[in-house]
Amino acid sequence: AAAAALVLGGGLLLAAWRWLRAGALASAASGASMRGKTVIITGANSGLGRAAAAELLRMRARVIMGCRDRARAERAAREIRAELGERAEGEEGGELVVRELDLASLRSVRAFCHRVLQEEPRLDVLINNAGIFQCPYMKTEDGFEMQFGVNHLGHFLLTNLLLGLLKNSAPSRIVVVSSKLYKYGEINFDDLNSEISYNKSFCYSRSKLANILFARELARRLEGTGVTVNSLHPGIVRTNLGRHVNIPLLAKPLFNLVSWAFFKTPLEGAQTSIYLASSPDVEGVSGKYFGDCKEEELLPKAMDDLVARKLWDISEVMVGLLK
């Protein structure tokens with residue numbers, strides 16, 4: 001009886017905690033309007049990207065969902081439209097558009113950008129959201145280690161190819177989704193492709209450190225253009241990003257309880273992305289790192305300008321922007 005009471009009491013406390021936190025993390029930009037603005041979100045068919053797409057559509061943006069699996073993206077788009085109702089799209093509302101984009105293929109990135117540049121007269125916000133987390137060792141279509149290839153190089157090429165349109169649409173914004181796990185990463189220029197050794201956790205952290213260094217270097221290069229660049233960490237979120245992480249069968253019920261109690265929902269996790277994409281509070285702010293819609297300090301290794309510039313130069317060659 002005592003054990004049952006303890007479990008029940010613990011459950012009630014966890015439920016109360018979830019309810020209070022959900023209230024504290026109310027929509028970051030609930031009053032803002034994105035009418036007339038075009039937003040590209042990578043990986044928008046699930047998790048953080050889907051939540052951001054739904055919220056920005058609700059704010060009346062034209063949202064382009066850049067997704068690897070077109071069928072899943074179309075299904076997600078239908079679900080978002082159904083959730084928001086008929087007023088979500090149309091003259092008064094925004095628009096949801098699905099475009100195929102596989103960040104593990106530079107050919108796909110170029111094709112996506114070519115179509116955007118042909119069809120879109122403006123681009124107000126680019127949210128580099130898609131990511132792969134702690135997968136077994138595998139390579140992209142172009143021979144890059146998958147996490148570094150998708151999380152950093154694919155987005156590096158995408159952003160560079162869309163820079164002209166972003167500059168022409170200024171004031172515009174680039175939002176880079178990183179992770180607190182960047183703290184455990186190092187940029188090893190002697191083995192960027194993990195040919196010598198591969199540790200899936202370390203390689204994820206390295207790709208997230210690369211995201212921050214890229215955002216800071218890009219912000220430096222874009223000074224005076226009206227295009228801002230900021231990076232963020234979303235916190236620990238319940239998404240399918242961890243699909244490659246093996247949890248023992250007996251531990252799954254406990255993990256599910258802990259994740260329900262303490263992990264953010266995708267909408268909660270997407271708040272900082274939405275804030276950086278839409279809030280007037282960050283108009284003109286660039287080169288910063290955010291968490292929970294507030295600026296946060298970075299470790300020195302994430303502010304190393306020499307490493308950032310070297311990574312930029314090498315990335316340009318790797319993706320074929322420089323021969």
# chains A, B, ... in the order shown; residues from 1 in each chain; ligands from 1
>>> residues_around(residues="Asp313 in chain A", least_positions_apart="5", cutoff="12 Å", atoms="only C-alpha atoms", output="count of residues only")
15
>>> residues_around(residues="range 40-54 of chain A", least_positions_apart="4", cutoff="8 Å", atoms="only C-alpha atoms", output="VMD selection string")
chain A and resid 58 63 to 68 72 to 73 76 to 77 80 84 101 123 125 to 131 238 to 241 266 to 267 269 to 271 273 to 274
>>> atom_distance(atom1="CA of Ala170 in chain A", atom2="CA of Glu89 in chain A")
24.6 Å
>>> residues_around(residues="Gln134 in chain A", least_positions_apart="6", cutoff="6 Å", atoms="only C-alpha atoms", output="VMD selection string")
chain A and resid 200 to 201 204
>>> write_last_selection(atoms="N, CA, C and O atoms", output="JSON list (two decimals), in the first residue's frame")
[["chain", "number", "residue", "atom", "x", "y", "z"],
["A", 200, "LYS", "N", 29.92, 7.48, -32.46],
["A", 200, "LYS", "CA", 28.69, 8.13, -32.91],
["A", 200, "LYS", "C", 28.29, 9.32, -32.04],
["A", 200, "LYS", "O", 27.77, 10.32, -32.54],
["A", 201, "SER", "N", 28.56, 9.24, -30.72],
["A", 201, "SER", "CA", 28.23, 10.36, -29.83],
["A", 201, "SER", "C", 29.15, 11.54, -30.09],
["A", 201, "SER", "O", 28.70, 12.69, -30.20],
["A", 204, "TYR", "N", 28.33, 13.25, -33.42],
["A", 204, "TYR", "CA", 27.15, 14.12, -33.33],
["A", 204, "TYR", "C", 27.54, 15.45, -32.69],
["A", 204, "TYR", "O", 27.20, 16.53, -33.20]]
>>> select_by_dssp(residues="range 36-271 of chain A", states="strand (DSSP E or B)", output="ChimeraX atom specification")
/A:38-42,62-67,89,94-100,125-128,139,145,172-177,227-233,237,264
>>> closest_residue(among="A:Glu119, A:Glu316, A:Glu186, A:Glu100", to="Ala302 in chain A", atoms="only C-alpha atoms")
A:Glu186
>>> closest_residue(among="A:Met34, A:Ile196, A:Leu161, A:Ile132", to="Arg110 in chain A", atoms="only C-alpha atoms")
A:Leu161
>>> closest_residue(among="A:Leu158, A:Val227, A:Ala82, A:Ala61", to="Ala111 in chain A", atoms="only C-alpha atoms")
A:Leu158
>>> closest_residue(among="A:Met59, A:Leu166, A:Val150, A:Val116", to="Ala104 in chain A", atoms="only C-alpha atoms")
A:Val150
>>> residues_around(residues="range 146-149 of chain A", least_positions_apart="4", cutoff="9 Å", atoms="only C-alpha atoms", output="number ranges by chain")
A: 103-105, 131-140, 142, 153-155, 192-193, 200, 203-204, 206-208, 210
>>> residues_around(residues="range 277-288 of chain A", least_positions_apart="2", cutoff="7 Å", atoms="only C-alpha atoms", output="number ranges by chain")
A: 29, 32, 34, 125, 173, 175, 215-216, 219, 228-231, 273-275, 290, 295
>>> select_by_dssp(residues="range 142-200 of chain A", states="alpha helix (DSSP H)", output="list of chain:residue names")
A:Met146, A:Gln147, A:His155, A:Phe156, A:Leu157, A:Leu158, A:Thr159, A:Asn160, A:Leu161, A:Leu162, A:Leu163, A:Gly164, A:Leu165, A:Leu166, A:Lys167, A:Asn168, A:Lys200
>>> write_last_selection(atoms="C-alpha atoms", output="mmCIF file, in the first residue's frame")
data_model
loop_
_atom_site.group_PDB
_atom_site.id
_atom_site.type_symbol
_atom_site.label_atom_id
_atom_site.label_comp_id
_atom_site.auth_asym_id
_atom_site.auth_seq_id
_atom_site.Cartn_x
_atom_site.Cartn_y
_atom_site.Cartn_z
ATOM 1 C CA MET A 146 26.553 10.879 -42.241
ATOM 2 C CA GLN A 147 26.212 13.120 -39.178
ATOM 3 C CA HIS A 155 23.158 22.863 -44.499
ATOM 4 C CA PHE A 156 26.400 24.709 -45.319
ATOM 5 C CA LEU A 157 25.780 24.278 -49.051
ATOM 6 C CA LEU A 158 22.036 24.970 -48.744
ATOM 7 C CA THR A 159 22.621 28.241 -46.901
ATOM 8 C CA ASN A 160 25.326 29.445 -49.270
ATOM 9 C CA LEU A 161 23.198 28.757 -52.336
ATOM 10 C CA LEU A 162 20.268 30.704 -50.849
ATOM 11 C CA LEU A 163 22.321 33.662 -49.560
ATOM 12 C CA GLY A 164 21.635 35.842 -52.596
ATOM 13 C CA LEU A 165 17.877 35.514 -52.166
ATOM 14 C CA LEU A 166 18.131 36.125 -48.413
ATOM 15 C CA LYS A 167 20.197 39.292 -49.024
ATOM 16 C CA ASN A 168 17.699 40.535 -51.606
ATOM 17 C CA LYS A 200 28.688 8.135 -32.907
#
>>> atom_distance(atom1="CA of Tyr184 in chain A", atom2="CA of Cys293 in chain A")
22.7 Å
>>> closest_residue(among="A:Thr225, A:Asn211, A:Asn151, A:Ser33", to="Ser169 in chain A", atoms="only C-alpha atoms")
A:Thr225
>>> atom_distance(atom1="CA of Leu311 in chain A", atom2="CA of Ser194 in chain A")
15.2 Å
